Amino acid sequence: MKSFPVTLYPILFCFLLFGIDKIFFLPIVTENTYSWKKIERKFYDLKEDLFLVMKEEFVKHPEESIGLILGSSRSGEFDSKMVSKFVPNTKTFNFGAPMGPPSFYSYWLERVLSESIPLRYVLIEADPLLFSKQSIEYSLNGSYDPLFILGNYDWNREKKSNPWEVEGKGFSSDEVETYFLKKLFALYKYPIDPSAIKANNREIEVGFIPGMSTGITGKEHKRGYEEKIKLANRITFGALPNEIKFANADFFLERDAENMYATYLKNQSLSVTQIYFFKRMIHRLTGTGIPTIIYFPAVAPALYKKMKEDGVLLEFNQRVKDLVDYANKTPNTKIRIVDPNEDSNWTCRDFVDSLHLSGACFPNLLPIVYPKEMFP
């Protein structure tokens with residue numbers, strides 16, 4: 001009997017390690033090893049579930065129009081029932097996700113259009129933060145599919161000092177590499193953290209009462225929140241109401257604005273990837289007759305001032321305006337920019353943090369976001 005060739009042992013060992021790594025993709029493992037506080041990926045993972053709900057609703061009620069919201073958590077409050085007051089006989093599906101970037105929006109816009117679902121309108125959120133290089137971090141973990149990534153691989157990206165001048169083609173080499181590493185290797189996507197294992201299996205304490213427990217463990221809380229998102233997909237079509245109704249103190253908002261600015265924009269250029277996919281969406285919607293709202297999201301005055309001071313916001317707004325003006329020269333194009341930050345009708349400006357408006361202020365914001373002249 002021939003012995004197993006020694007030269008094949010390294011290959012066999014690699015296959016063994018690869019197989020063991022896949023164990024860490026199992027839900028029963030990840031819920032114990034991956035921090036319960038990191039819920040952002042679930043918003044991305046469950047967009048596939050929301051997409052199925054959309055298709056089912058369209059088949060069951062073809063007489064009702066479909067609206068599509070593509071945004072970050074700042075647009076997550078816009079639920080179908082609220083929007084229907086301004087866009088009647090329309091079911092609005094909210095694909096908002098934490099720090100959702102234009103590449104994520106483009107992916108879902110194209111998925112929806114490929115199903116030949118007639119759209120009553122599309123809302124696309126846009127500001128410099130969502131066009132930053134870091135904005136893609138969450139979506140690379142739980143969105144896209146391999147063919148979309150490979151079909152939009154900008155492997156020979158040209159280099160220019162101004163990212164708006166680059167003729168992009170999609171994802172950078174680093175982004176493609178990160179996507180496939182997280183797709184193929186569980187321990188790259190879900191690195192083991194001993195402190196997270198302990199926290200996931202420990203009962204959560206009530207924040208303002210030391211020593212008092214809520215009676216549920218971290219992983220149970222996360223499991224419940226996942227069910228809440230699935231329920232929202234069916235009841236509010238993806239929207240999650242902002243239950244925080246208070247305004248935070250100015251000093252906190254200023255400090256948070258400094259942190260957000262330093263994390264995403266300070267001394268950094270915008271992402272060529274995100275600019276490319278935003279231009280691609282504008283081009284895709286040009287001439288379709290679909291009313292399209294480019295929504296510059298409401299942000300706290302401290303952050304708005306910070307972005308204005310270094311010029312990033314002014315250039316961003318002008319570049320987007322130029323793209324929209326050019327697109328609107330094409331017949332049957334209905335694209336409009338809405339910026340509550342510069343609208344005197346926006347009077348309820350209470351913020352929970354520098355990015356998120358208090359839930360109490362959304363009734364004041366909605367008439368601005370959905371102007372009557374677009375939806376007579």
# chains A, B, ... in the order shown; residues from 1 in each chain; ligands from 1
>>> closest_atom_pairs(of="region 253-282 of chain A", to="region 310-333 of chain A", cutoff="10 Å", atoms="only C-alpha atoms", output="Markdown table")
| residue | atom | partner | partner_atom | distance |
| --- | --- | --- | --- | --- |
| A:Leu265 | CA | A:Val312 | CA | 8.4 |
| A:Lys266 | CA | A:Asp310 | CA | 9.0 |
| A:Asn267 | CA | A:Asp310 | CA | 9.7 |
| A:Gln268 | CA | A:Val312 | CA | 9.9 |
| A:Ser269 | CA | A:Val312 | CA | 8.9 |
| A:Leu270 | CA | A:Val312 | CA | 9.0 |
| A:Ile275 | CA | A:Val320 | CA | 9.7 |
| A:Phe278 | CA | A:Val320 | CA | 9.2 |
| A:Lys279 | CA | A:Leu323 | CA | 7.6 |
| A:Ile282 | CA | A:Ala327 | CA | 7.2 |
>>> select_by_dssp(residues="region 239-328 of chain A", states="alpha helix (DSSP H)", output="PyMOL selection string")
chain A and resi 250-264+272-285+301-309+312-327
>>> residues_around(residues="Thr236 (chain A)", least_positions_apart="6", cutoff="8 Å", atoms="only C-alpha atoms", output="ChimeraX atom specification")
/A:79-81,93
>>> write_last_selection(atoms="C-alpha atoms", output="short mmCIF file (atom, residue, chain, number, x, y, z; two decimals), in the first residue's frame")
data_model
loop_
_atom_site.label_atom_id
_atom_site.label_comp_id
_atom_site.auth_asym_id
_atom_site.auth_seq_id
_atom_site.Cartn_x
_atom_site.Cartn_y
_atom_site.Cartn_z
CA ASP A 79 -41.75 55.07 7.17
CA SER A 80 -44.35 54.25 4.57
CA LYS A 81 -47.34 55.51 6.57
CA PHE A 93 -39.56 50.71 1.23
#
>>> atom_distance(atom1="CA of Val53 (chain A)", atom2="CA of Arg234 (chain A)")
6.7 Å
>>> residues_around(residues="Gly100 (chain A)", least_positions_apart="2", cutoff="12 Å", atoms="only C-alpha atoms", output="mmCIF file with all heavy atoms, in the first residue's frame")
data_model
loop_
_atom_site.group_PDB
_atom_site.id
_atom_site.type_symbol
_atom_site.label_atom_id
_atom_site.label_comp_id
_atom_site.auth_asym_id
_atom_site.auth_seq_id
_atom_site.Cartn_x
_atom_site.Cartn_y
_atom_site.Cartn_z
ATOM 1 N N GLU A 40 -24.846 46.794 13.580
ATOM 2 C CA GLU A 40 -24.929 47.451 12.270
ATOM 3 C C GLU A 40 -25.029 46.464 11.104
ATOM 4 O O GLU A 40 -25.764 46.696 10.142
ATOM 5 C CB GLU A 40 -23.709 48.366 12.052
ATOM 6 C CG GLU A 40 -23.599 49.507 13.031
ATOM 7 C CD GLU A 40 -22.826 49.128 14.296
ATOM 8 O OE1 GLU A 40 -22.442 47.934 14.416
ATOM 9 O OE2 GLU A 40 -22.611 50.013 15.142
ATOM 10 N N ARG A 41 -24.295 45.363 11.177
ATOM 11 C CA ARG A 41 -24.269 44.416 10.046
ATOM 12 C C ARG A 41 -25.639 43.804 9.782
ATOM 13 O O ARG A 41 -25.951 43.454 8.648
ATOM 14 C CB ARG A 41 -23.254 43.303 10.322
ATOM 15 C CG ARG A 41 -21.815 43.773 10.283
ATOM 16 C CD ARG A 41 -20.846 42.636 10.531
ATOM 17 N NE ARG A 41 -19.476 43.124 10.534
ATOM 18 C CZ ARG A 41 -18.416 42.366 10.784
ATOM 19 N NH1 ARG A 41 -18.592 41.076 11.042
ATOM 20 N NH2 ARG A 41 -17.212 42.867 10.764
ATOM 21 N N PHE A 43 -28.495 45.230 9.810
ATOM 22 C CA PHE A 43 -29.277 46.109 8.934
ATOM 23 C C PHE A 43 -28.947 45.833 7.468
ATOM 24 O O PHE A 43 -29.818 45.889 6.603
ATOM 25 C CB PHE A 43 -28.995 47.578 9.264
ATOM 26 C CG PHE A 43 -29.662 48.057 10.522
ATOM 27 C CD1 PHE A 43 -28.991 48.028 11.730
ATOM 28 C CD2 PHE A 43 -30.970 48.525 10.501
ATOM 29 C CE1 PHE A 43 -29.601 48.470 12.896
ATOM 30 C CE2 PHE A 43 -31.588 48.954 11.662
ATOM 31 C CZ PHE A 43 -30.901 48.934 12.861
ATOM 32 N N TYR A 44 -27.681 45.544 7.197
ATOM 33 C CA TYR A 44 -27.264 45.234 5.830
ATOM 34 C C TYR A 44 -27.688 43.821 5.434
ATOM 35 O O TYR A 44 -28.227 43.602 4.345
ATOM 36 C CB TYR A 44 -25.745 45.379 5.701
ATOM 37 C CG TYR A 44 -25.284 46.817 5.687
ATOM 38 C CD1 TYR A 44 -24.966 47.481 6.864
ATOM 39 C CD2 TYR A 44 -25.179 47.526 4.495
ATOM 40 C CE1 TYR A 44 -24.557 48.801 6.862
ATOM 41 C CE2 TYR A 44 -24.759 48.843 4.478
ATOM 42 C CZ TYR A 44 -24.454 49.473 5.666
ATOM 43 O OH TYR A 44 -24.057 50.792 5.646
ATOM 44 N N LYS A 47 -31.423 43.366 4.403
ATOM 45 C CA LYS A 47 -31.997 44.073 3.244
ATOM 46 C C LYS A 47 -32.478 43.073 2.195
ATOM 47 O O LYS A 47 -33.400 43.353 1.429
ATOM 48 C CB LYS A 47 -30.975 45.042 2.648
ATOM 49 C CG LYS A 47 -30.718 46.253 3.535
ATOM 50 C CD LYS A 47 -31.976 47.075 3.723
ATOM 51 C CE LYS A 47 -31.784 48.235 4.682
ATOM 52 N NZ LYS A 47 -31.794 47.873 6.098
ATOM 53 N N ILE A 69 -36.394 54.354 -0.671
ATOM 54 C CA ILE A 69 -35.482 55.230 0.070
ATOM 55 C C ILE A 69 -34.130 54.550 0.186
ATOM 56 O O ILE A 69 -34.015 53.419 0.656
ATOM 57 C CB ILE A 69 -36.034 55.544 1.476
ATOM 58 C CG1 ILE A 69 -37.274 56.427 1.370
ATOM 59 C CG2 ILE A 69 -34.972 56.223 2.336
ATOM 60 C CD1 ILE A 69 -37.929 56.749 2.702
ATOM 61 N N LEU A 70 -33.094 55.259 -0.252
ATOM 62 C CA LEU A 70 -31.728 54.761 -0.194
ATOM 63 C C LEU A 70 -30.924 55.755 0.644
ATOM 64 O O LEU A 70 -30.607 56.852 0.182
ATOM 65 C CB LEU A 70 -31.148 54.645 -1.609
ATOM 66 C CG LEU A 70 -31.925 53.732 -2.567
ATOM 67 C CD1 LEU A 70 -31.497 53.971 -4.005
ATOM 68 C CD2 LEU A 70 -31.740 52.267 -2.176
ATOM 69 N N GLY A 71 -30.631 55.372 1.885
ATOM 70 C CA GLY A 71 -29.973 56.327 2.763
ATOM 71 C C GLY A 71 -29.262 55.668 3.924
ATOM 72 O O GLY A 71 -29.118 54.450 3.995
ATOM 73 N N SER A 72 -28.849 56.502 4.862
ATOM 74 C CA SER A 72 -28.205 56.035 6.082
ATOM 75 C C SER A 72 -29.249 55.926 7.185
ATOM 76 O O SER A 72 -30.450 56.037 6.925
ATOM 77 C CB SER A 72 -27.096 57.023 6.487
ATOM 78 O OG SER A 72 -27.675 58.233 6.961
ATOM 79 N N SER A 73 -28.792 55.746 8.415
ATOM 80 C CA SER A 73 -29.732 55.671 9.540
ATOM 81 C C SER A 73 -30.483 56.984 9.721
ATOM 82 O O SER A 73 -31.544 57.021 10.339
ATOM 83 C CB SER A 73 -28.968 55.321 10.824
ATOM 84 O OG SER A 73 -27.927 56.254 11.062
ATOM 85 N N ARG A 74 -29.958 58.068 9.148
ATOM 86 C CA ARG A 74 -30.638 59.366 9.269
ATOM 87 C C ARG A 74 -31.945 59.404 8.489
ATOM 88 O O ARG A 74 -32.808 60.225 8.756
ATOM 89 C CB ARG A 74 -29.699 60.484 8.802
ATOM 90 C CG ARG A 74 -28.555 60.729 9.754
ATOM 91 C CD ARG A 74 -27.550 61.701 9.189
ATOM 92 N NE ARG A 74 -26.757 61.124 8.127
ATOM 93 C CZ ARG A 74 -25.811 61.786 7.471
ATOM 94 N NH1 ARG A 74 -25.569 63.047 7.744
ATOM 95 N NH2 ARG A 74 -25.107 61.183 6.520
ATOM 96 N N SER A 75 -32.079 58.523 7.519
ATOM 97 C CA SER A 75 -33.329 58.417 6.762
ATOM 98 C C SER A 75 -34.184 57.250 7.253
ATOM 99 O O SER A 75 -35.254 56.994 6.703
ATOM 100 C CB SER A 75 -33.026 58.214 5.271
ATOM 101 O OG SER A 75 -32.317 59.313 4.737
ATOM 102 N N GLY A 76 -33.700 56.559 8.275
ATOM 103 C CA GLY A 76 -34.392 55.369 8.756
ATOM 104 C C GLY A 76 -35.749 55.630 9.366
ATOM 105 O O GLY A 76 -36.561 54.716 9.519
ATOM 106 N N ASN A 94 -37.882 51.324 2.832
ATOM 107 C CA ASN A 94 -36.735 52.060 3.336
ATOM 108 C C ASN A 94 -35.515 51.147 3.444
ATOM 109 O O ASN A 94 -35.450 50.276 4.304
ATOM 110 C CB ASN A 94 -37.074 52.651 4.711
ATOM 111 C CG ASN A 94 -36.079 53.703 5.151
ATOM 112 O OD1 ASN A 94 -34.891 53.569 4.929
ATOM 113 N ND2 ASN A 94 -36.573 54.745 5.794
ATOM 114 N N PHE A 95 -34.533 51.357 2.568
ATOM 115 C CA PHE A 95 -33.310 50.568 2.557
ATOM 116 C C PHE A 95 -32.182 51.274 3.310
ATOM 117 O O PHE A 95 -31.006 50.991 3.082
ATOM 118 C CB PHE A 95 -32.875 50.259 1.122
ATOM 119 C CG PHE A 95 -33.631 49.118 0.500
ATOM 120 C CD1 PHE A 95 -34.948 49.273 0.089
ATOM 121 C CD2 PHE A 95 -33.033 47.879 0.341
ATOM 122 C CE1 PHE A 95 -35.656 48.220 -0.481
ATOM 123 C CE2 PHE A 95 -33.731 46.813 -0.227
ATOM 124 C CZ PHE A 95 -35.046 46.979 -0.633
ATOM 125 N N GLY A 96 -32.544 52.189 4.209
ATOM 126 C CA GLY A 96 -31.536 52.887 4.997
ATOM 127 C C GLY A 96 -30.761 51.939 5.894
ATOM 128 O O GLY A 96 -31.311 50.990 6.444
ATOM 129 N N ALA A 97 -29.459 52.201 6.042
ATOM 130 C CA ALA A 97 -28.594 51.377 6.892
ATOM 131 C C ALA A 97 -27.501 52.271 7.470
ATOM 132 O O ALA A 97 -27.161 53.296 6.874
ATOM 133 C CB ALA A 97 -27.973 50.238 6.084
ATOM 134 N N PRO A 98 -26.937 51.923 8.613
ATOM 135 C CA PRO A 98 -25.916 52.766 9.238
ATOM 136 C C PRO A 98 -24.772 53.111 8.291
ATOM 137 O O PRO A 98 -24.142 52.229 7.722
ATOM 138 C CB PRO A 98 -25.424 51.905 10.411
ATOM 139 C CG PRO A 98 -26.585 51.023 10.740
ATOM 140 C CD PRO A 98 -27.238 50.719 9.418
ATOM 141 N N PRO A 102 -23.096 55.389 -1.218
ATOM 142 C CA PRO A 102 -23.688 55.304 -2.557
ATOM 143 C C PRO A 102 -23.496 53.968 -3.262
ATOM 144 O O PRO A 102 -24.370 53.545 -4.021
ATOM 145 C CB PRO A 102 -22.985 56.438 -3.320
ATOM 146 C CG PRO A 102 -22.713 57.456 -2.266
ATOM 147 C CD PRO A 102 -22.331 56.651 -1.043
ATOM 148 N N SER A 103 -22.393 53.272 -3.019
ATOM 149 C CA SER A 103 -22.206 51.954 -3.654
ATOM 150 C C SER A 103 -23.287 50.986 -3.198
ATOM 151 O O SER A 103 -23.781 50.170 -3.985
ATOM 152 C CB SER A 103 -20.818 51.390 -3.338
ATOM 153 O OG SER A 103 -20.587 51.364 -1.937
ATOM 154 N N PHE A 104 -23.676 51.080 -1.951
ATOM 155 C CA PHE A 104 -24.755 50.264 -1.392
ATOM 156 C C PHE A 104 -26.095 50.654 -2.017
ATOM 157 O O PHE A 104 -26.895 49.796 -2.391
ATOM 158 C CB PHE A 104 -24.767 50.465 0.129
ATOM 159 C CG PHE A 104 -25.976 49.932 0.841
ATOM 160 C CD1 PHE A 104 -26.180 48.572 0.977
ATOM 161 C CD2 PHE A 104 -26.895 50.800 1.403
ATOM 162 C CE1 PHE A 104 -27.287 48.087 1.661
ATOM 163 C CE2 PHE A 104 -27.999 50.327 2.081
ATOM 164 C CZ PHE A 104 -28.200 48.964 2.211
ATOM 165 N N TYR A 105 -26.337 51.961 -2.176
ATOM 166 C CA TYR A 105 -27.579 52.427 -2.810
ATOM 167 C C TYR A 105 -27.667 51.941 -4.250
ATOM 168 O O TYR A 105 -28.712 51.487 -4.717
ATOM 169 C CB TYR A 105 -27.661 53.957 -2.847
ATOM 170 C CG TYR A 105 -27.432 54.686 -1.553
ATOM 171 C CD1 TYR A 105 -27.089 56.043 -1.577
ATOM 172 C CD2 TYR A 105 -27.566 54.076 -0.311
ATOM 173 C CE1 TYR A 105 -26.882 56.750 -0.412
ATOM 174 C CE2 TYR A 105 -27.360 54.779 0.852
ATOM 175 C CZ TYR A 105 -27.014 56.117 0.803
ATOM 176 O OH TYR A 105 -26.808 56.826 1.950
ATOM 177 N N SER A 106 -26.554 52.087 -4.957
ATOM 178 C CA SER A 106 -26.529 51.708 -6.375
ATOM 179 C C SER A 106 -26.830 50.222 -6.551
ATOM 180 O O SER A 106 -27.559 49.825 -7.467
ATOM 181 C CB SER A 106 -25.164 52.049 -6.981
ATOM 182 O OG SER A 106 -25.112 51.724 -8.346
ATOM 183 N N TYR A 107 -26.269 49.414 -5.669
ATOM 184 C CA TYR A 107 -26.503 47.966 -5.718
ATOM 185 C C TYR A 107 -27.999 47.665 -5.616
ATOM 186 O O TYR A 107 -28.548 46.898 -6.426
ATOM 187 C CB TYR A 107 -25.743 47.289 -4.579
ATOM 188 C CG TYR A 107 -26.032 45.816 -4.434
ATOM 189 C CD1 TYR A 107 -25.514 44.891 -5.335
ATOM 190 C CD2 TYR A 107 -26.816 45.339 -3.378
ATOM 191 C CE1 TYR A 107 -25.772 43.531 -5.193
ATOM 192 C CE2 TYR A 107 -27.075 43.988 -3.234
ATOM 193 C CZ TYR A 107 -26.558 43.082 -4.141
ATOM 194 O OH TYR A 107 -26.818 41.739 -4.014
ATOM 195 N N TRP A 108 -28.685 48.289 -4.642
ATOM 196 C CA TRP A 108 -30.096 47.992 -4.448
ATOM 197 C C TRP A 108 -30.978 48.670 -5.487
ATOM 198 O O TRP A 108 -32.002 48.110 -5.898
ATOM 199 C CB TRP A 108 -30.531 48.338 -3.026
ATOM 200 C CG TRP A 108 -30.090 47.284 -2.075
ATOM 201 C CD1 TRP A 108 -29.135 47.369 -1.113
ATOM 202 C CD2 TRP A 108 -30.557 45.926 -2.052
ATOM 203 N NE1 TRP A 108 -28.972 46.157 -0.488
ATOM 204 C CE2 TRP A 108 -29.833 45.257 -1.033
ATOM 205 C CE3 TRP A 108 -31.500 45.211 -2.779
ATOM 206 C CZ2 TRP A 108 -30.045 43.909 -0.733
ATOM 207 C CZ3 TRP A 108 -31.710 43.874 -2.479
ATOM 208 C CH2 TRP A 108 -30.985 43.234 -1.471
ATOM 209 N N ILE A 124 -32.506 59.551 -2.540
ATOM 210 C CA ILE A 124 -31.102 59.188 -2.365
ATOM 211 C C ILE A 124 -30.454 60.189 -1.414
ATOM 212 O O ILE A 124 -30.421 61.382 -1.687
ATOM 213 C CB ILE A 124 -30.348 59.188 -3.708
ATOM 214 C CG1 ILE A 124 -30.964 58.173 -4.673
ATOM 215 C CG2 ILE A 124 -28.871 58.895 -3.487
ATOM 216 C CD1 ILE A 124 -30.401 58.253 -6.090
ATOM 217 N N GLU A 125 -29.971 59.704 -0.302
ATOM 218 C CA GLU A 125 -29.308 60.565 0.678
ATOM 219 C C GLU A 125 -27.861 60.814 0.241
ATOM 220 O O GLU A 125 -27.183 59.896 -0.231
ATOM 221 C CB GLU A 125 -29.344 59.893 2.047
ATOM 222 C CG GLU A 125 -28.847 60.754 3.187
ATOM 223 C CD GLU A 125 -28.860 60.018 4.510
ATOM 224 O OE1 GLU A 125 -29.797 59.222 4.754
ATOM 225 O OE2 GLU A 125 -27.934 60.229 5.311
ATOM 226 N N ALA A 126 -27.397 62.043 0.426
ATOM 227 C CA ALA A 126 -26.040 62.356 -0.016
ATOM 228 C C ALA A 126 -25.434 63.473 0.827
ATOM 229 O O ALA A 126 -26.034 64.538 0.957
ATOM 230 C CB ALA A 126 -26.050 62.771 -1.495
ATOM 231 N N ASP A 127 -24.273 63.217 1.388
ATOM 232 C CA ASP A 127 -23.472 64.274 2.010
ATOM 233 C C ASP A 127 -22.021 63.795 2.080
ATOM 234 O O ASP A 127 -21.733 62.623 1.796
ATOM 235 C CB ASP A 127 -24.034 64.672 3.383
ATOM 236 C CG ASP A 127 -23.700 63.700 4.506
ATOM 237 O OD1 ASP A 127 -23.243 62.572 4.221
ATOM 238 O OD2 ASP A 127 -23.910 64.065 5.681
ATOM 239 N N LEU A 129 -19.996 62.910 4.377
ATOM 240 C CA LEU A 129 -19.704 61.784 5.269
ATOM 241 C C LEU A 129 -19.945 60.444 4.579
ATOM 242 O O LEU A 129 -19.168 59.495 4.728
ATOM 243 C CB LEU A 129 -20.561 61.871 6.530
ATOM 244 C CG LEU A 129 -20.236 63.026 7.480
ATOM 245 C CD1 LEU A 129 -21.385 63.248 8.437
ATOM 246 C CD2 LEU A 129 -18.953 62.759 8.238
ATOM 247 N N LEU A 130 -21.026 60.370 3.806
ATOM 248 C CA LEU A 130 -21.374 59.124 3.122
ATOM 249 C C LEU A 130 -20.467 58.866 1.919
ATOM 250 O O LEU A 130 -20.441 57.759 1.386
ATOM 251 C CB LEU A 130 -22.838 59.158 2.677
ATOM 252 C CG LEU A 130 -23.860 59.354 3.792
ATOM 253 C CD1 LEU A 130 -25.265 59.444 3.225
ATOM 254 C CD2 LEU A 130 -23.768 58.232 4.819
ATOM 255 N N PHE A 131 -19.745 59.889 1.495
ATOM 256 C CA PHE A 131 -18.810 59.761 0.374
ATOM 257 C C PHE A 131 -17.372 59.600 0.870
ATOM 258 O O PHE A 131 -16.443 59.637 0.076
ATOM 259 C CB PHE A 131 -18.898 60.987 -0.533
ATOM 260 C CG PHE A 131 -20.084 60.990 -1.458
ATOM 261 C CD1 PHE A 131 -21.378 60.978 -0.976
ATOM 262 C CD2 PHE A 131 -19.908 61.034 -2.836
ATOM 263 C CE1 PHE A 131 -22.480 61.006 -1.822
ATOM 264 C CE2 PHE A 131 -21.001 61.056 -3.697
ATOM 265 C CZ PHE A 131 -22.285 61.039 -3.191
ATOM 266 N N SER A 132 -17.199 59.450 2.176
ATOM 267 C CA SER A 132 -15.852 59.290 2.727
ATOM 268 C C SER A 132 -15.337 57.881 2.454
ATOM 269 O O SER A 132 -16.109 56.960 2.165
ATOM 270 C CB SER A 132 -15.862 59.564 4.236
ATOM 271 O OG SER A 132 -16.579 58.542 4.904
ATOM 272 N N LYS A 133 -14.037 57.710 2.583
ATOM 273 C CA LYS A 133 -13.437 56.402 2.308
ATOM 274 C C LYS A 133 -13.840 55.354 3.339
ATOM 275 O O LYS A 133 -13.874 54.163 3.041
ATOM 276 C CB LYS A 133 -11.917 56.539 2.246
ATOM 277 C CG LYS A 133 -11.453 57.354 1.037
ATOM 278 C CD LYS A 133 -9.959 57.590 1.045
ATOM 279 C CE LYS A 133 -9.545 58.428 -0.166
ATOM 280 N NZ LYS A 133 -8.103 58.766 -0.166
ATOM 281 N N GLN A 134 -14.164 55.803 4.570
ATOM 282 C CA GLN A 134 -14.539 54.863 5.630
ATOM 283 C C GLN A 134 -15.991 54.427 5.556
ATOM 284 O O GLN A 134 -16.381 53.457 6.206
ATOM 285 C CB GLN A 134 -14.305 55.496 7.012
ATOM 286 C CG GLN A 134 -12.852 55.649 7.393
ATOM 287 C CD GLN A 134 -12.229 56.912 6.806
ATOM 288 O OE1 GLN A 134 -12.880 57.657 6.078
ATOM 289 N NE2 GLN A 134 -10.974 57.141 7.109
ATOM 290 N N SER A 135 -16.802 55.124 4.773
ATOM 291 C CA SER A 135 -18.248 54.845 4.766
ATOM 292 C C SER A 135 -18.590 53.447 4.261
ATOM 293 O O SER A 135 -19.659 52.916 4.553
ATOM 294 C CB SER A 135 -18.986 55.888 3.914
ATOM 295 O OG SER A 135 -18.622 55.761 2.542
ATOM 296 N N ILE A 136 -17.677 52.830 3.531
ATOM 297 C CA ILE A 136 -17.962 51.515 2.931
ATOM 298 C C ILE A 136 -17.727 50.359 3.906
ATOM 299 O O ILE A 136 -18.073 49.214 3.613
ATOM 300 C CB ILE A 136 -17.098 51.308 1.666
ATOM 301 C CG1 ILE A 136 -17.694 50.200 0.778
ATOM 302 C CG2 ILE A 136 -15.648 51.004 2.036
ATOM 303 C CD1 ILE A 136 -17.028 50.077 -0.562
ATOM 304 N N GLU A 137 -17.198 50.664 5.084
ATOM 305 C CA GLU A 137 -16.795 49.604 6.018
ATOM 306 C C GLU A 137 -17.918 48.620 6.325
ATOM 307 O O GLU A 137 -17.740 47.403 6.231
ATOM 308 C CB GLU A 137 -16.298 50.236 7.325
ATOM 309 C CG GLU A 137 -15.864 49.223 8.357
ATOM 310 C CD GLU A 137 -15.437 49.861 9.658
ATOM 311 O OE1 GLU A 137 -15.262 51.097 9.695
ATOM 312 O OE2 GLU A 137 -15.289 49.126 10.653
ATOM 313 N N TYR A 138 -19.094 49.119 6.700
ATOM 314 C CA TYR A 138 -20.196 48.219 7.058
ATOM 315 C C TYR A 138 -20.722 47.449 5.852
ATOM 316 O O TYR A 138 -21.024 46.261 5.948
ATOM 317 C CB TYR A 138 -21.342 49.004 7.682
ATOM 318 C CG TYR A 138 -21.039 49.598 9.042
ATOM 319 C CD1 TYR A 138 -21.466 50.877 9.375
ATOM 320 C CD2 TYR A 138 -20.331 48.873 10.008
ATOM 321 C CE1 TYR A 138 -21.195 51.438 10.625
ATOM 322 C CE2 TYR A 138 -20.058 49.421 11.250
ATOM 323 C CZ TYR A 138 -20.491 50.703 11.551
ATOM 324 O OH TYR A 138 -20.228 51.238 12.780
ATOM 325 N N SER A 139 -20.864 48.123 4.723
ATOM 326 C CA SER A 139 -21.471 47.462 3.564
ATOM 327 C C SER A 139 -20.583 46.366 2.990
ATOM 328 O O SER A 139 -21.083 45.401 2.413
ATOM 329 C CB SER A 139 -21.832 48.484 2.482
ATOM 330 O OG SER A 139 -20.695 49.172 2.007
ATOM 331 N N LEU A 140 -19.262 46.472 3.151
ATOM 332 C CA LEU A 140 -18.377 45.399 2.696
ATOM 333 C C LEU A 140 -18.556 44.144 3.541
ATOM 334 O O LEU A 140 -18.214 43.045 3.122
ATOM 335 C CB LEU A 140 -16.902 45.842 2.754
ATOM 336 C CG LEU A 140 -16.422 46.762 1.632
ATOM 337 C CD1 LEU A 140 -14.964 47.137 1.857
ATOM 338 C CD2 LEU A 140 -16.599 46.141 0.256
ATOM 339 N N ASN A 141 -19.119 44.302 4.729
ATOM 340 C CA ASN A 141 -19.354 43.158 5.611
ATOM 341 C C ASN A 141 -20.639 42.415 5.300
ATOM 342 O O ASN A 141 -20.733 41.212 5.523
ATOM 343 C CB ASN A 141 -19.418 43.626 7.072
ATOM 344 C CG ASN A 141 -18.050 43.923 7.637
ATOM 345 O OD1 ASN A 141 -17.112 43.184 7.404
ATOM 346 N ND2 ASN A 141 -17.923 45.017 8.361
ATOM 347 N N GLY A 142 -21.661 43.143 4.840
ATOM 348 C CA GLY A 142 -22.963 42.492 4.728
ATOM 349 C C GLY A 142 -23.815 42.924 3.568
ATOM 350 O O GLY A 142 -25.040 42.926 3.675
ATOM 351 N N SER A 143 -23.197 43.306 2.455
ATOM 352 C CA SER A 143 -23.993 43.677 1.288
ATOM 353 C C SER A 143 -23.263 43.256 0.017
ATOM 354 O O SER A 143 -22.190 42.649 0.090
ATOM 355 C CB SER A 143 -24.241 45.189 1.282
ATOM 356 O OG SER A 143 -25.252 45.521 0.352
ATOM 357 N N GLN A 274 -17.261 55.954 -4.149
ATOM 358 C CA GLN A 274 -18.604 56.472 -3.857
ATOM 359 C C GLN A 274 -19.044 57.535 -4.863
ATOM 360 O O GLN A 274 -20.224 57.603 -5.232
ATOM 361 C CB GLN A 274 -18.664 57.004 -2.427
ATOM 362 C CG GLN A 274 -18.278 55.987 -1.361
ATOM 363 C CD GLN A 274 -18.952 54.628 -1.560
ATOM 364 O OE1 GLN A 274 -20.081 54.530 -2.037
ATOM 365 N NE2 GLN A 274 -18.252 53.555 -1.209
#
>>> atom_distance(atom1="CA of Ser173 (chain A)", atom2="CA of Phe185 (chain A)")
17.8 Å
>>> closest_residue(among="A:Trp164, A:Tyr370, A:Tyr121, A:Tyr225", to="Met82 (chain A)", atoms="only C-alpha atoms")
A:Tyr370
>>> residues_around(residues="Glu227 (chain A)", least_positions_apart="6", cutoff="12 Å", atoms="only C-alpha atoms", output="PyMOL selection string")
chain A and resi 39+42-43+46+49+220-221+233-234
>>> atom_distance(atom1="CA of Arg120 (chain A)", atom2="CA of Gly238 (chain A)")
17.1 Å
>>> closest_atom_pairs(of="region 24-118 of chain A", to="region 190-198 of chain A", cutoff="10 Å", atoms="only C-alpha atoms", output="Markdown table")
| residue | atom | partner | partner_atom | distance |
| --- | --- | --- | --- | --- |
| A:Phe24 | CA | A:Tyr190 | CA | 7.5 |
| A:Phe25 | CA | A:Tyr190 | CA | 8.0 |
| A:Val29 | CA | A:Tyr190 | CA | 9.8 |
| A:Thr30 | CA | A:Tyr190 | CA | 7.2 |
| A:Glu31 | CA | A:Ile197 | CA | 8.6 |
| A:Asn32 | CA | A:Ile197 | CA | 5.4 |
| A:Thr33 | CA | A:Ile197 | CA | 4.8 |
| A:Tyr34 | CA | A:Ala196 | CA | 6.1 |
| A:Ser35 | CA | A:Ala196 | CA | 4.8 |
| A:Trp36 | CA | A:Ala196 | CA | 7.6 |
| A:Lys37 | CA | A:Ala196 | CA | 9.1 |
